[in-house]
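> Sharing my_file-v7.cif (mmCIF, C-alpha atoms) below.
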```
data_structure
loop_
_atom_site.label_atom_id
_atom_site.label_comp_id
_atom_site.auth_asym_id
_atom_site.auth_seq_id
_atom_site.Cartn_x
_atom_site.Cartn_y
_atom_site.Cartn_z
CA MET A 1 -52.43 -175.16 -83.40
CA ILE A 2 -53.76 -177.37 -80.63
CA LEU A 3 -52.83 -181.02 -80.83
CA VAL A 4 -55.55 -183.29 -79.48
CA LYS A 5 -54.23 -186.49 -78.00
CA PRO A 6 -56.16 -189.45 -79.43
CA PRO A 7 -58.06 -191.54 -76.86
CA ARG A 8 -56.33 -194.65 -75.63
CA SER A 9 -57.69 -197.98 -76.79
CA LEU A 10 -59.34 -200.06 -74.06
CA GLN A 11 -58.31 -203.19 -75.94
CA GLY A 12 -54.70 -201.99 -76.05
CA GLN A 13 -54.73 -201.14 -72.35
CA LEU A 14 -56.15 -204.54 -71.41
CA LEU A 15 -53.68 -206.32 -73.68
CA ALA A 16 -50.71 -204.38 -72.29
CA LEU A 17 -51.84 -204.96 -68.72
CA VAL A 18 -52.40 -208.70 -69.14
CA LEU A 19 -49.12 -209.19 -71.03
CA ALA A 20 -47.24 -207.18 -68.41
CA VAL A 21 -48.67 -209.41 -65.70
CA VAL A 22 -47.86 -212.57 -67.68
CA VAL A 23 -44.28 -211.47 -68.42
CA GLY A 24 -43.82 -210.38 -64.80
CA VAL A 25 -45.03 -213.76 -63.53
CA TRP A 26 -42.82 -215.51 -66.10
CA LEU A 27 -39.73 -213.58 -65.02
CA ALA A 28 -40.50 -214.12 -61.33
CA THR A 29 -40.92 -217.84 -62.01
CA ALA A 30 -37.61 -217.92 -63.91
CA VAL A 31 -35.78 -216.16 -61.06
CA LEU A 32 -37.28 -218.45 -58.44
CA THR A 33 -36.43 -221.46 -60.59
CA TRP A 34 -32.82 -220.20 -60.94
CA PHE A 35 -32.29 -219.84 -57.20
CA ASP A 36 -34.01 -223.12 -56.39
CA ALA A 37 -32.10 -225.07 -59.06
CA ARG A 38 -28.80 -223.50 -57.98
CA HIS A 39 -29.46 -224.44 -54.37
CA GLU A 40 -30.31 -228.03 -55.27
CA LEU A 41 -27.33 -228.28 -57.62
CA ASP A 42 -24.93 -226.91 -54.98
CA GLU A 43 -26.14 -229.48 -52.48
CA LEU A 44 -25.80 -232.29 -55.04
CA LEU A 45 -22.29 -231.35 -56.16
CA ASP A 46 -21.17 -230.62 -52.60
CA SER A 47 -22.25 -234.13 -51.66
CA HIS A 48 -20.18 -235.50 -54.55
CA LEU A 49 -17.15 -233.56 -53.29
CA ALA A 50 -17.66 -235.01 -49.82
CA GLN A 51 -17.97 -238.54 -51.22
CA ALA A 52 -14.78 -238.12 -53.29
CA ALA A 53 -12.92 -236.87 -50.22
CA ALA A 54 -14.16 -239.84 -48.18
CA LEU A 55 -12.83 -242.25 -50.80
CA LEU A 56 -9.43 -240.57 -50.76
CA VAL A 57 -9.29 -240.79 -46.97
CA VAL A 58 -9.99 -244.49 -46.82
CA GLN A 59 -7.70 -245.54 -49.68
CA GLN A 60 -4.05 -246.51 -49.08
CA VAL A 61 -1.74 -243.45 -49.36
CA PRO A 62 1.56 -244.28 -51.12
CA GLU A 63 4.87 -243.84 -49.33
CA ILE A 64 6.23 -240.36 -49.77
CA GLY A 65 9.68 -240.11 -51.19
CA ASP A 66 11.95 -237.23 -51.82
CA ASP A 67 10.95 -237.10 -55.44
CA GLU A 68 7.87 -235.38 -57.01
CA PRO A 69 4.51 -236.33 -55.39
CA GLY A 70 2.28 -238.80 -57.21
CA ILE A 71 -0.22 -237.60 -59.80
CA ASP A 72 -3.74 -238.99 -60.30
CA ALA A 73 -4.92 -240.93 -63.31
CA PRO A 74 -5.19 -239.19 -66.74
CA THR A 75 -8.23 -237.08 -67.77
CA LEU A 76 -11.23 -239.33 -68.49
CA HIS A 77 -14.03 -236.77 -68.93
CA ARG A 78 -14.39 -233.26 -70.30
CA TYR A 79 -15.32 -232.00 -66.82
CA ALA A 80 -12.21 -233.59 -65.26
CA PRO A 81 -9.93 -230.49 -65.69
CA LYS A 82 -12.45 -228.55 -63.65
CA VAL A 83 -12.19 -230.94 -60.69
CA ALA A 84 -9.04 -231.28 -58.55
CA PHE A 85 -7.93 -232.97 -55.34
CA GLN A 86 -4.93 -232.93 -52.97
CA VAL A 87 -3.83 -235.36 -50.24
CA PHE A 88 -1.37 -234.19 -47.59
CA HIS A 89 0.29 -236.64 -45.18
CA GLN A 90 2.07 -235.24 -42.18
CA GLY A 91 2.03 -231.83 -43.81
CA ARG A 92 3.59 -232.98 -47.07
CA LEU A 93 1.77 -233.35 -50.43
CA ALA A 94 1.35 -237.07 -51.04
CA LEU A 95 -1.13 -237.15 -53.91
CA ARG A 96 -2.80 -234.67 -56.24
CA SER A 97 -4.62 -234.42 -59.53
CA ALA A 98 -2.88 -233.06 -62.58
CA ASN A 99 -4.60 -229.67 -62.37
CA ALA A 100 -4.14 -229.23 -58.61
CA PRO A 101 -1.45 -226.87 -57.32
CA ASN A 102 1.42 -228.03 -55.07
CA THR A 103 0.30 -225.79 -52.25
CA PRO A 104 -2.88 -226.46 -50.24
CA MET A 105 -6.04 -225.24 -51.92
CA VAL A 106 -6.96 -223.51 -48.66
CA GLU A 107 -4.18 -221.46 -47.09
CA PRO A 108 -3.08 -222.89 -43.72
CA ASP A 109 -3.35 -219.46 -42.11
CA MET A 110 -7.13 -219.62 -42.65
CA HIS A 111 -7.28 -222.28 -39.88
CA PHE A 112 -9.65 -224.27 -42.03
CA ARG A 113 -9.36 -228.08 -41.87
CA THR A 114 -12.83 -229.45 -42.52
CA GLY A 115 -16.02 -228.32 -44.34
CA PHE A 116 -16.88 -226.37 -47.50
CA LYS A 117 -15.28 -223.12 -48.59
CA THR A 118 -15.15 -221.03 -51.76
CA VAL A 119 -11.62 -219.79 -52.50
CA GLN A 120 -9.63 -218.17 -55.30
CA ILE A 121 -6.96 -220.39 -56.91
CA GLU A 122 -4.81 -218.57 -59.47
CA GLY A 123 -7.58 -216.02 -59.94
CA THR A 124 -10.30 -218.61 -60.48
CA PRO A 125 -13.09 -219.30 -57.93
CA TRP A 126 -13.19 -222.89 -56.65
CA ARG A 127 -15.60 -224.69 -54.34
CA VAL A 128 -13.42 -226.78 -51.95
CA PHE A 129 -14.30 -229.47 -49.44
CA ALA A 130 -11.65 -230.27 -46.82
CA THR A 131 -11.44 -233.21 -44.38
CA HIS A 132 -8.81 -235.13 -42.43
CA GLY A 133 -8.14 -238.73 -41.51
CA ALA A 134 -8.74 -240.46 -38.20
CA GLU A 135 -5.12 -239.83 -37.10
CA ARG A 136 -5.37 -236.19 -38.23
CA ASP A 137 -2.02 -236.59 -40.05
CA LEU A 138 -3.90 -236.97 -43.33
CA GLN A 139 -5.50 -233.85 -44.90
CA VAL A 140 -7.62 -234.12 -48.06
CA TYR A 141 -8.86 -231.28 -50.31
CA VAL A 142 -11.35 -231.88 -53.12
CA GLY A 143 -12.45 -228.91 -55.23
CA GLU A 144 -14.18 -227.93 -58.42
CA ARG A 145 -14.46 -224.73 -60.37
CA THR A 146 -17.65 -222.76 -59.68
CA SER A 147 -17.89 -222.14 -63.43
CA LEU A 148 -18.66 -225.84 -63.78
CA ARG A 149 -21.65 -225.42 -61.53
CA VAL A 150 -22.85 -222.41 -63.53
CA SER A 151 -22.51 -224.38 -66.77
CA ILE A 152 -24.52 -227.29 -65.37
CA LEU A 153 -27.10 -224.87 -63.93
CA TRP A 154 -27.55 -223.15 -67.30
CA ALA A 155 -27.87 -226.52 -69.01
CA VAL A 156 -30.61 -227.52 -66.57
CA LEU A 157 -32.42 -224.18 -66.86
CA ARG A 158 -32.25 -224.16 -70.66
CA SER A 159 -34.17 -227.41 -70.77
CA MET A 160 -36.78 -225.89 -68.43
CA LEU A 161 -37.05 -222.32 -69.67
CA TRP A 162 -36.81 -222.55 -73.43
CA PRO A 163 -40.27 -224.22 -73.73
CA MET A 164 -41.61 -221.39 -71.57
CA ALA A 165 -39.86 -218.81 -73.76
CA VAL A 166 -41.35 -220.38 -76.89
CA ALA A 167 -44.80 -220.48 -75.25
CA LEU A 168 -44.65 -216.78 -74.27
CA PRO A 169 -45.39 -215.35 -77.75
CA LEU A 170 -48.10 -217.98 -78.23
CA LEU A 171 -49.56 -216.93 -74.89
CA ALA A 172 -49.42 -213.27 -75.98
CA LEU A 173 -51.28 -214.17 -79.17
CA ALA A 174 -53.90 -216.08 -77.16
CA VAL A 175 -54.31 -213.12 -74.77
CA TRP A 176 -54.73 -210.74 -77.72
CA TRP A 177 -57.37 -213.01 -79.23
CA ALA A 178 -59.24 -213.28 -75.91
CA VAL A 179 -59.17 -209.52 -75.31
CA TYR A 180 -60.18 -208.76 -78.90
CA HIS A 181 -63.22 -210.99 -78.67
CA GLY A 182 -63.93 -209.87 -75.10
CA VAL A 183 -64.37 -206.22 -76.13
CA ALA A 184 -66.30 -207.09 -79.31
CA PRO A 185 -69.67 -206.17 -77.67
CA MET A 186 -68.31 -202.69 -76.97
CA ARG A 187 -67.34 -202.29 -80.62
CA ARG A 188 -70.83 -203.41 -81.66
CA LEU A 189 -72.37 -200.92 -79.24
CA GLY A 190 -70.18 -198.14 -80.65
CA ARG A 191 -71.21 -198.97 -84.22
CA ALA A 192 -74.89 -199.13 -83.19
CA LEU A 193 -74.71 -195.70 -81.55
CA ALA A 194 -72.75 -194.18 -84.43
CA GLY A 195 -75.39 -195.31 -86.93
CA ARG A 196 -78.36 -193.84 -85.03
CA GLN A 197 -80.17 -190.70 -86.12
CA ALA A 198 -79.81 -187.58 -83.98
CA LEU A 199 -83.39 -187.79 -82.65
CA ALA A 200 -83.54 -191.59 -82.39
CA LEU A 201 -84.37 -192.31 -78.74
CA GLN A 202 -85.60 -195.88 -79.02
CA PRO A 203 -83.89 -198.41 -76.69
CA VAL A 204 -80.58 -199.93 -77.75
CA THR A 205 -80.56 -203.72 -78.12
CA LEU A 206 -77.30 -205.65 -77.98
CA ASP A 207 -77.52 -209.43 -78.40
CA GLY A 208 -75.03 -211.56 -76.52
CA ALA A 209 -73.82 -208.72 -74.33
CA PRO A 210 -72.11 -209.70 -71.04
CA SER A 211 -73.63 -208.70 -67.70
CA GLU A 212 -71.31 -205.69 -67.35
CA MET A 213 -72.38 -204.41 -70.76
CA THR A 214 -76.04 -205.09 -69.92
CA LEU A 215 -75.84 -202.70 -66.99
CA MET A 216 -74.34 -200.02 -69.23
CA VAL A 217 -76.91 -200.58 -72.00
CA ASN A 218 -79.76 -200.40 -69.47
CA ALA A 219 -78.39 -197.14 -68.07
CA LEU A 220 -78.03 -195.80 -71.62
CA ASN A 221 -81.63 -196.74 -72.44
CA GLY A 222 -82.77 -195.07 -69.23
CA LEU A 223 -80.93 -191.94 -70.32
CA PHE A 224 -82.63 -192.06 -73.73
CA GLU A 225 -86.00 -192.40 -72.01
CA ARG A 226 -85.33 -189.36 -69.79
CA ILE A 227 -84.14 -187.34 -72.79
CA GLY A 228 -87.29 -188.33 -74.66
CA THR A 229 -89.39 -187.18 -71.72
CA LEU A 230 -87.56 -183.86 -71.65
CA LEU A 231 -87.97 -183.34 -75.38
CA GLU A 232 -91.66 -184.22 -75.20
CA SER A 233 -92.07 -181.81 -72.28
CA GLU A 234 -90.36 -179.05 -74.28
CA ARG A 235 -92.51 -179.75 -77.34
CA ARG A 236 -95.64 -179.70 -75.23
CA PHE A 237 -94.52 -176.51 -73.49
CA THR A 238 -93.94 -174.84 -76.86
CA ALA A 239 -97.33 -175.94 -78.15
CA ASP A 240 -99.07 -174.89 -74.94
CA ALA A 241 -97.35 -171.51 -74.87
CA ALA A 242 -98.16 -170.85 -78.54
CA HIS A 243 -101.79 -171.85 -78.00
CA GLU A 244 -102.46 -170.04 -74.74
CA LEU A 245 -100.48 -166.86 -75.37
CA ARG A 246 -102.38 -166.22 -78.59
CA THR A 247 -105.53 -165.04 -76.75
CA PRO A 248 -103.95 -162.61 -74.21
CA ILE A 249 -101.64 -161.16 -76.84
CA ALA A 250 -104.59 -160.56 -79.15
CA ALA A 251 -106.49 -158.91 -76.28
CA ILE A 252 -103.50 -156.70 -75.45
CA ARG A 253 -103.18 -155.69 -79.09
CA MET A 254 -106.88 -154.86 -79.33
CA GLN A 255 -106.81 -152.73 -76.15
CA ALA A 256 -103.70 -150.94 -77.40
CA GLN A 257 -105.39 -150.18 -80.73
CA VAL A 258 -108.44 -148.85 -78.87
CA ALA A 259 -106.22 -146.64 -76.71
CA LEU A 260 -104.45 -145.27 -79.79
CA GLY A 261 -107.69 -144.36 -81.56
CA GLU A 262 -109.64 -143.11 -78.54
CA THR A 263 -109.88 -139.33 -77.97
CA ASP A 264 -111.79 -139.50 -74.71
CA ASP A 265 -109.37 -139.58 -71.77
CA VAL A 266 -111.60 -141.80 -69.63
CA LEU A 267 -112.05 -144.36 -72.37
CA ARG A 268 -108.35 -144.21 -73.29
CA ARG A 269 -107.42 -144.81 -69.64
CA HIS A 270 -109.85 -147.71 -69.52
CA ALA A 271 -108.27 -149.22 -72.63
CA LEU A 272 -104.75 -148.77 -71.20
CA GLN A 273 -105.86 -150.40 -67.96
CA GLY A 274 -107.16 -153.30 -70.01
CA THR A 275 -103.77 -153.48 -71.69
CA LEU A 276 -102.05 -153.71 -68.30
CA ASP A 277 -104.51 -156.38 -67.16
CA GLY A 278 -103.77 -158.34 -70.33
CA CYS A 279 -100.03 -158.09 -69.64
CA ASP A 280 -100.60 -159.35 -66.09
CA ARG A 281 -102.62 -162.31 -67.40
CA ALA A 282 -99.91 -163.13 -69.94
CA THR A 283 -97.22 -162.91 -67.25
CA ARG A 284 -99.17 -165.23 -64.98
CA LEU A 285 -99.73 -167.67 -67.83
CA VAL A 286 -96.00 -167.75 -68.67
CA GLU A 287 -95.12 -168.35 -65.01
CA GLN A 288 -97.59 -171.23 -64.81
CA LEU A 289 -96.33 -172.74 -68.05
CA LEU A 290 -92.72 -172.56 -66.84
CA THR A 291 -93.63 -174.12 -63.49
CA LEU A 292 -95.55 -176.93 -65.17
CA SER A 293 -92.69 -177.55 -67.62
CA ARG A 294 -90.20 -177.76 -64.78
CA LEU A 295 -92.34 -180.29 -62.93
CA GLU A 296 -92.95 -182.42 -66.00
CA ALA A 297 -89.18 -182.70 -66.58
CA ASP A 298 -89.13 -184.97 -63.50
CA ALA A 299 -86.44 -182.83 -61.90
CA VAL A 300 -86.09 -183.73 -58.23
CA PRO A 301 -86.32 -180.48 -56.26
CA ASP A 302 -84.15 -179.67 -53.27
CA MET A 303 -85.99 -180.62 -50.10
CA ALA A 304 -85.86 -178.98 -46.68
CA ALA A 305 -88.14 -178.29 -43.72
CA VAL A 306 -90.80 -175.79 -44.86
CA ASP A 307 -93.17 -173.88 -42.57
CA LEU A 308 -96.56 -174.47 -44.19
CA ARG A 309 -98.18 -171.94 -41.86
CA ALA A 310 -95.90 -169.14 -43.11
CA LEU A 311 -96.57 -170.05 -46.77
CA ALA A 312 -100.34 -170.05 -46.25
CA GLN A 313 -100.21 -166.75 -44.36
CA ARG A 314 -98.22 -165.16 -47.16
CA ALA A 315 -100.62 -166.46 -49.83
CA VAL A 316 -103.61 -165.12 -47.88
CA GLY A 317 -101.90 -161.73 -47.59
CA GLU A 318 -101.28 -161.60 -51.35
CA ALA A 319 -104.89 -162.55 -52.16
CA ALA A 320 -106.47 -160.20 -49.59
CA PRO A 321 -106.65 -157.07 -51.82
CA LYS A 322 -108.55 -158.95 -54.52
CA ALA A 323 -110.84 -160.57 -51.95
CA PHE A 324 -111.63 -157.21 -50.39
CA GLY A 325 -112.27 -155.80 -53.86
CA LYS A 326 -114.98 -158.44 -54.31
CA ASN A 327 -116.30 -157.80 -50.80
CA GLN A 328 -115.32 -161.33 -49.76
CA THR A 329 -114.50 -162.47 -46.23
CA LEU A 330 -111.04 -164.10 -46.11
CA GLU A 331 -110.20 -165.94 -42.87
CA PHE A 332 -106.96 -167.57 -41.82
CA GLU A 333 -106.44 -170.03 -38.99
CA ALA A 334 -103.28 -171.99 -38.22
CA ILE A 335 -101.43 -173.89 -35.51
CA GLU A 336 -97.93 -172.95 -34.44
CA LEU A 337 -95.75 -175.93 -35.48
CA CYS A 338 -96.53 -177.19 -38.97
CA SER A 339 -93.28 -177.87 -40.83
CA ILE A 340 -93.20 -180.44 -43.61
CA PRO A 341 -90.34 -181.59 -45.87
CA GLY A 342 -90.48 -179.99 -49.28
CA ASN A 343 -89.30 -177.35 -51.69
CA GLU A 344 -90.34 -173.92 -50.45
CA THR A 345 -90.65 -172.35 -53.91
CA LEU A 346 -92.88 -175.08 -55.32
CA LEU A 347 -95.02 -175.34 -52.18
CA ALA A 348 -95.50 -171.56 -52.28
CA VAL A 349 -96.78 -171.89 -55.88
CA LEU A 350 -99.14 -174.68 -54.79
CA VAL A 351 -100.63 -172.77 -51.83
CA ARG A 352 -100.91 -169.55 -53.82
CA ASN A 353 -102.81 -171.35 -56.58
CA LEU A 354 -105.29 -172.87 -54.10
CA VAL A 355 -105.99 -169.56 -52.34
CA ASP A 356 -106.08 -167.60 -55.60
CA ASN A 357 -108.53 -170.06 -57.16
CA ALA A 358 -110.83 -169.79 -54.15
CA VAL A 359 -110.83 -165.98 -54.34
CA ARG A 360 -111.03 -165.86 -58.13
CA TYR A 361 -113.90 -168.30 -58.66
CA SER A 362 -115.97 -167.51 -55.57
CA PRO A 363 -118.77 -164.97 -56.11
CA PRO A 364 -118.80 -161.51 -54.51
CA SER A 365 -119.55 -161.42 -50.76
CA ALA A 366 -118.47 -165.06 -50.44
CA GLN A 367 -116.74 -166.42 -47.38
CA ILE A 368 -113.31 -168.07 -47.76
CA LYS A 369 -111.50 -169.90 -45.00
CA VAL A 370 -107.84 -171.04 -45.08
CA ALA A 371 -106.65 -173.25 -42.21
CA VAL A 372 -103.53 -175.17 -41.27
CA GLN A 373 -104.08 -177.81 -38.61
CA ARG A 374 -102.92 -181.20 -37.39
CA GLU A 375 -105.04 -184.34 -37.76
CA ASP A 376 -103.89 -187.80 -36.62
CA GLY A 377 -100.24 -186.77 -36.71
CA ARG A 378 -100.51 -185.17 -40.16
CA ILE A 379 -100.38 -181.54 -41.24
CA VAL A 380 -103.50 -180.53 -43.17
CA LEU A 381 -103.95 -177.38 -45.26
CA SER A 382 -107.62 -176.73 -46.10
CA VAL A 383 -109.14 -174.05 -48.34
CA GLU A 384 -112.94 -173.73 -48.21
CA ASP A 385 -115.39 -171.28 -49.75
CA SER A 386 -119.12 -170.59 -49.78
CA GLY A 387 -119.39 -170.55 -53.55
CA PRO A 388 -121.45 -172.88 -55.75
CA GLY A 389 -118.81 -175.61 -55.64
CA LEU A 390 -118.23 -178.14 -58.41
CA THR A 391 -120.13 -181.12 -59.69
CA GLU A 392 -118.54 -184.55 -59.33
CA ALA A 393 -117.88 -184.62 -63.07
CA ASP A 394 -116.03 -181.29 -62.92
CA GLN A 395 -114.12 -182.42 -59.84
CA GLN A 396 -112.88 -185.46 -61.79
CA ARG A 397 -111.61 -183.22 -64.59
CA LEU A 398 -109.72 -180.83 -62.30
CA GLY A 399 -106.06 -181.09 -63.19
CA GLU A 400 -106.55 -181.63 -66.92
CA ARG A 401 -104.43 -179.20 -68.87
CA PHE A 402 -106.37 -176.08 -69.92
CA PHE A 403 -109.63 -177.34 -68.41
CA ARG A 404 -111.82 -174.51 -67.08
CA VAL A 405 -115.17 -174.85 -65.38
CA PRO A 406 -117.92 -173.96 -67.89
CA GLY A 407 -119.79 -170.75 -67.19
CA SER A 408 -116.97 -169.08 -65.26
CA SER A 409 -116.54 -165.39 -65.98
CA GLU A 410 -113.03 -165.25 -64.55
CA SER A 411 -110.03 -165.25 -66.85
CA GLY A 412 -107.55 -168.07 -66.54
CA SER A 413 -105.46 -170.59 -68.44
CA GLY A 414 -106.69 -173.82 -66.93
CA LEU A 415 -103.14 -174.73 -65.86
CA GLY A 416 -103.43 -173.91 -62.16
CA TRP A 417 -104.85 -177.26 -61.12
CA SER A 418 -102.35 -179.16 -63.30
CA ILE A 419 -99.57 -177.39 -61.40
CA VAL A 420 -101.24 -178.11 -58.04
CA ARG A 421 -101.53 -181.83 -58.75
CA ARG A 422 -97.94 -182.11 -60.03
CA ILE A 423 -96.45 -180.30 -57.02
CA ALA A 424 -98.53 -182.45 -54.66
CA ALA A 425 -97.32 -185.62 -56.40
CA VAL A 426 -93.66 -184.52 -56.23
CA HIS A 427 -94.02 -183.94 -52.45
CA ARG A 428 -96.11 -187.08 -51.87
CA LEU A 429 -98.97 -184.99 -50.54
CA GLU A 430 -102.55 -186.27 -50.62
CA LEU A 431 -104.93 -183.92 -52.44
CA GLN A 432 -108.59 -184.22 -51.39
CA ILE A 433 -111.42 -182.39 -53.17
CA GLY A 434 -115.01 -182.26 -51.94
CA ARG A 435 -117.80 -180.05 -50.65
CA SER A 436 -117.33 -177.95 -47.53
CA THR A 437 -119.68 -179.05 -44.75
CA GLU A 438 -119.21 -175.70 -43.00
CA LEU A 439 -119.45 -173.21 -45.87
CA GLY A 440 -121.25 -175.28 -48.52
CA GLY A 441 -118.88 -174.58 -51.40
CA LEU A 442 -115.70 -176.25 -52.63
CA MET A 443 -113.23 -177.65 -50.11
CA VAL A 444 -109.65 -178.58 -50.99
CA ARG A 445 -107.46 -180.40 -48.45
CA LEU A 446 -103.71 -180.97 -48.71
CA VAL A 447 -102.60 -183.76 -46.32
CA SER A 448 -98.96 -184.52 -45.50
CA ASN A 449 -97.47 -187.91 -44.69
CA LYS A 450 -97.33 -189.04 -41.08
CA GLY A 451 -94.28 -188.03 -39.11
#
```
Once more with this new file: its structure as structure tokens, please.


Amino acid sequence: MILVKPPRSLQGQLLALVLAVVVGVWLATAVLTWFDARHELDELLDSHLAQAAALLVVQQVPEIGDDEPGIDAPTLHRYAPKVAFQVFHQGRLALRSANAPNTPMVEPDMHFRTGFKTVQIEGTPWRVFATHGAERDLQVYVGERTSLRVSILWAVLRSMLWPMAVALPLLALAVWWAVYHGVAPMRRLGRALAGRQALALQPVTLDGAPSEMTLMVNALNGLFERIGTLLESERRFTADAAHELRTPIAAIRMQAQVALGETDDVLRRHALQGTLDGCDRATRLVEQLLTLSRLEADAVPDMAAVDLRALAQRAVGEAAPKAFGKNQTLEFEAIELCSIPGNETLLAVLVRNLVDNAVRYSPPSAQIKVAVQREDGRIVLSVEDSGPGLTEADQQRLGERFFRVPGSSESGSGLGWSIVRRIAAVHRLELQIGRSTELGGLMVRLVSNKG
């Protein structure tokens, strides 16, 4: 059993990403606030320690007797047990607070007499400020527990951070609401697509869509349009194939029936040859239909430098046996360098159709001339014949699907010129049709772009 992982929700991803960013910013702000508040609080309380020490220095120190040193006033505030001071005169303890030890807060071997220092007193960290009098026989220590500073810091931060902590879930709810309504056009688009019929290719309309969604909807509508073109091309190809293949298949069947019932070898051979000719016509028709279908699908062919001279020479060589069979004169003239950008396969089909049409529809003993030359910086392929040519009305209809010149005895499907025009349009080639001034018949010119 294969477990398919359900697709992740875009709304959930956006919500998680935005909330992660918000929480990250909130935590970073809290940390920065902690360090900044602790720094400011340390400076404030250190200044109070320095002020208290200055007051002790300037006040009158009592005479020191042999009895127990004097003790400060009783506790007046709940923070008082966390603050202590000591006054030493000539190395002896003269005055101290009730919670201060008898020994100096800072060990004498630390060689520390003035400034701030954090020390351990009976296993508890204290922040101590030390100073001495003008005669240097008076040494004062004022200290406070660092836990007091932490308590004050937490009290300050609680008043700052708890509103932010309360606002965080409200902010998360607001972000969810914004994201939910932000992706609402995508949900509407999904419902609109889910409710469409399989063959519905009309454009999608989405009212109130943001600009990003508009780009996607436009691209989707463009895709529907291309799919519709492809489907129409396939339907037309099927109809064309069914219509045009009916005649050659019927002819093949008739010739095969004649061959089966004929006892004369010459007539049987003639009927079999007719069957082969019918197969060739059907094959050619299928090839033309496939080429036309491929071009009408608007597929962009691969382009490269193509030697038009080589293509024309090859097409003339392929058409030569038929031309000789009709006692026609087939001439070829070309310059050396005549490369143009294009798709070699499609251009070969185009040139072959032009040469084949000239040979096919020109009368016996006609003269046909194929030339590749350069005119005003452009490569020109011209196919001329000495046949009857076409009227202006017939020239205008060349390229219509299944149009054949009235009165022609040659077999054909009428698709050749449709293919020629489509290939010329894909390659941006100019197709000129007129009467040959040299031979008097039809002249077709294929002119490339400059460069």

> If you measure from atom CA of A:Ser436 to atom CA of A:Arg378, what distance in Å do you get, rounded to one decimal?

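Going from atom CA of A:Ser436 over to atom CA of A:Arg378, I get 19.7 Å.
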
> When the PyMOL selection byres ((chain A and resi 199) around 12) is applied to the structure above, which residues does it catch, written out as a list in words?

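Matching residues under the PyMOL selection byres ((chain A and resi 199) around 12) are Leu193, Gly195, Arg196, Gln197, Ala198, Ala200, Leu201, Gln202, Phe224, Glu225, Ile227, Gly228, Leu231 and Glu232 of chain A.
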
> Would you work out the distance separating atom CA of A:Arg421 from atom CA of A:Lys369, expressed in Å to one decimal?

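According to the coordinates, atom CA of A:Arg421 and atom CA of A:Lys369 are separated by 20.8 Å.
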
> Output the residue selection produced by the PyMOL selection byres ((chain A and resi 386) around 8) on the file above, formatted as a PyMOL selection string.

chain A and resi 362+366-368+384-385+387-389+436+439-442

> If the PyMOL selection byres ((chain A and resi 344-346) around 10) were run on this exact file, what residues would it hold? Put them as a ChimeraX atom specification.

/A:291,295,301-308,311,340-343,347-352,419-420,422-424,426-427

> Counting all atoms listed in the file, what is within 12 Å of A:Gln313, bar same-chain residues fewer than 2 positions away, as a PyMOL selection string?

chain A and resi 307-311+315-320+330-336+348+351-352+355+369-372+381

> Given all atoms listed in the file as the basis, pick out the residue of A:Thr33, A:Gln273, A:Ser382, A:Asn449 nearest to A:Leu153.

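Nearest candidate to A:Leu153 out of A:Thr33, A:Gln273, A:Ser382, A:Asn449: A:Thr33.
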
> Mind pulling up the distance from atom CA of A:Leu148 to atom CA of A:Trp34?

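Distance between the two atoms: 15.5 Å.
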
> Pick the closest to A:Ala54 from A:Lys82, A:Arg113, A:His89, A:His132: which is it, counting all atoms listed in the file?

A:His132

> Restricted to N, CA and C atoms, what does stretch 262-270 of chain A look like when written out as an mmCIF file, in the first residue's frame?


```
data_model
loop_
_atom_site.group_PDB
_atom_site.id
_atom_site.type_symbol
_atom_site.label_atom_id
_atom_site.label_comp_id
_atom_site.auth_asym_id
_atom_site.auth_seq_id
_atom_site.Cartn_x
_atom_site.Cartn_y
_atom_site.Cartn_z
ATOM 1 N N GLU A 262 -10.414 -10.105 -62.869
ATOM 2 C CA GLU A 262 -9.873 -10.057 -64.229
ATOM 3 C C GLU A 262 -9.047 -11.305 -64.517
ATOM 4 N N THR A 263 -9.290 -11.922 -65.692
ATOM 5 C CA THR A 263 -8.520 -13.114 -66.096
ATOM 6 C C THR A 263 -7.377 -12.767 -67.030
ATOM 7 N N ASP A 264 -7.473 -11.621 -67.670
ATOM 8 C CA ASP A 264 -6.405 -11.213 -68.579
ATOM 9 C C ASP A 264 -5.248 -10.641 -67.761
ATOM 10 N N ASP A 265 -4.040 -11.163 -68.019
ATOM 11 C CA ASP A 265 -2.875 -10.747 -67.227
ATOM 12 C C ASP A 265 -2.562 -9.264 -67.404
ATOM 13 N N VAL A 266 -2.685 -8.770 -68.624
ATOM 14 C CA VAL A 266 -2.376 -7.359 -68.874
ATOM 15 C C VAL A 266 -3.346 -6.461 -68.124
ATOM 16 N N LEU A 267 -4.629 -6.780 -68.217
ATOM 17 C CA LEU A 267 -5.617 -5.970 -67.508
ATOM 18 C C LEU A 267 -5.488 -6.102 -65.992
ATOM 19 N N ARG A 268 -5.178 -7.326 -65.526
ATOM 20 C CA ARG A 268 -4.974 -7.516 -64.079
ATOM 21 C C ARG A 268 -3.783 -6.674 -63.607
ATOM 22 N N ARG A 269 -2.696 -6.686 -64.382
ATOM 23 C CA ARG A 269 -1.516 -5.899 -64.008
ATOM 24 C C ARG A 269 -1.852 -4.400 -63.989
ATOM 25 N N HIS A 270 -2.652 -3.997 -64.974
ATOM 26 C CA HIS A 270 -3.058 -2.596 -65.012
ATOM 27 C C HIS A 270 -3.885 -2.239 -63.770
#
```
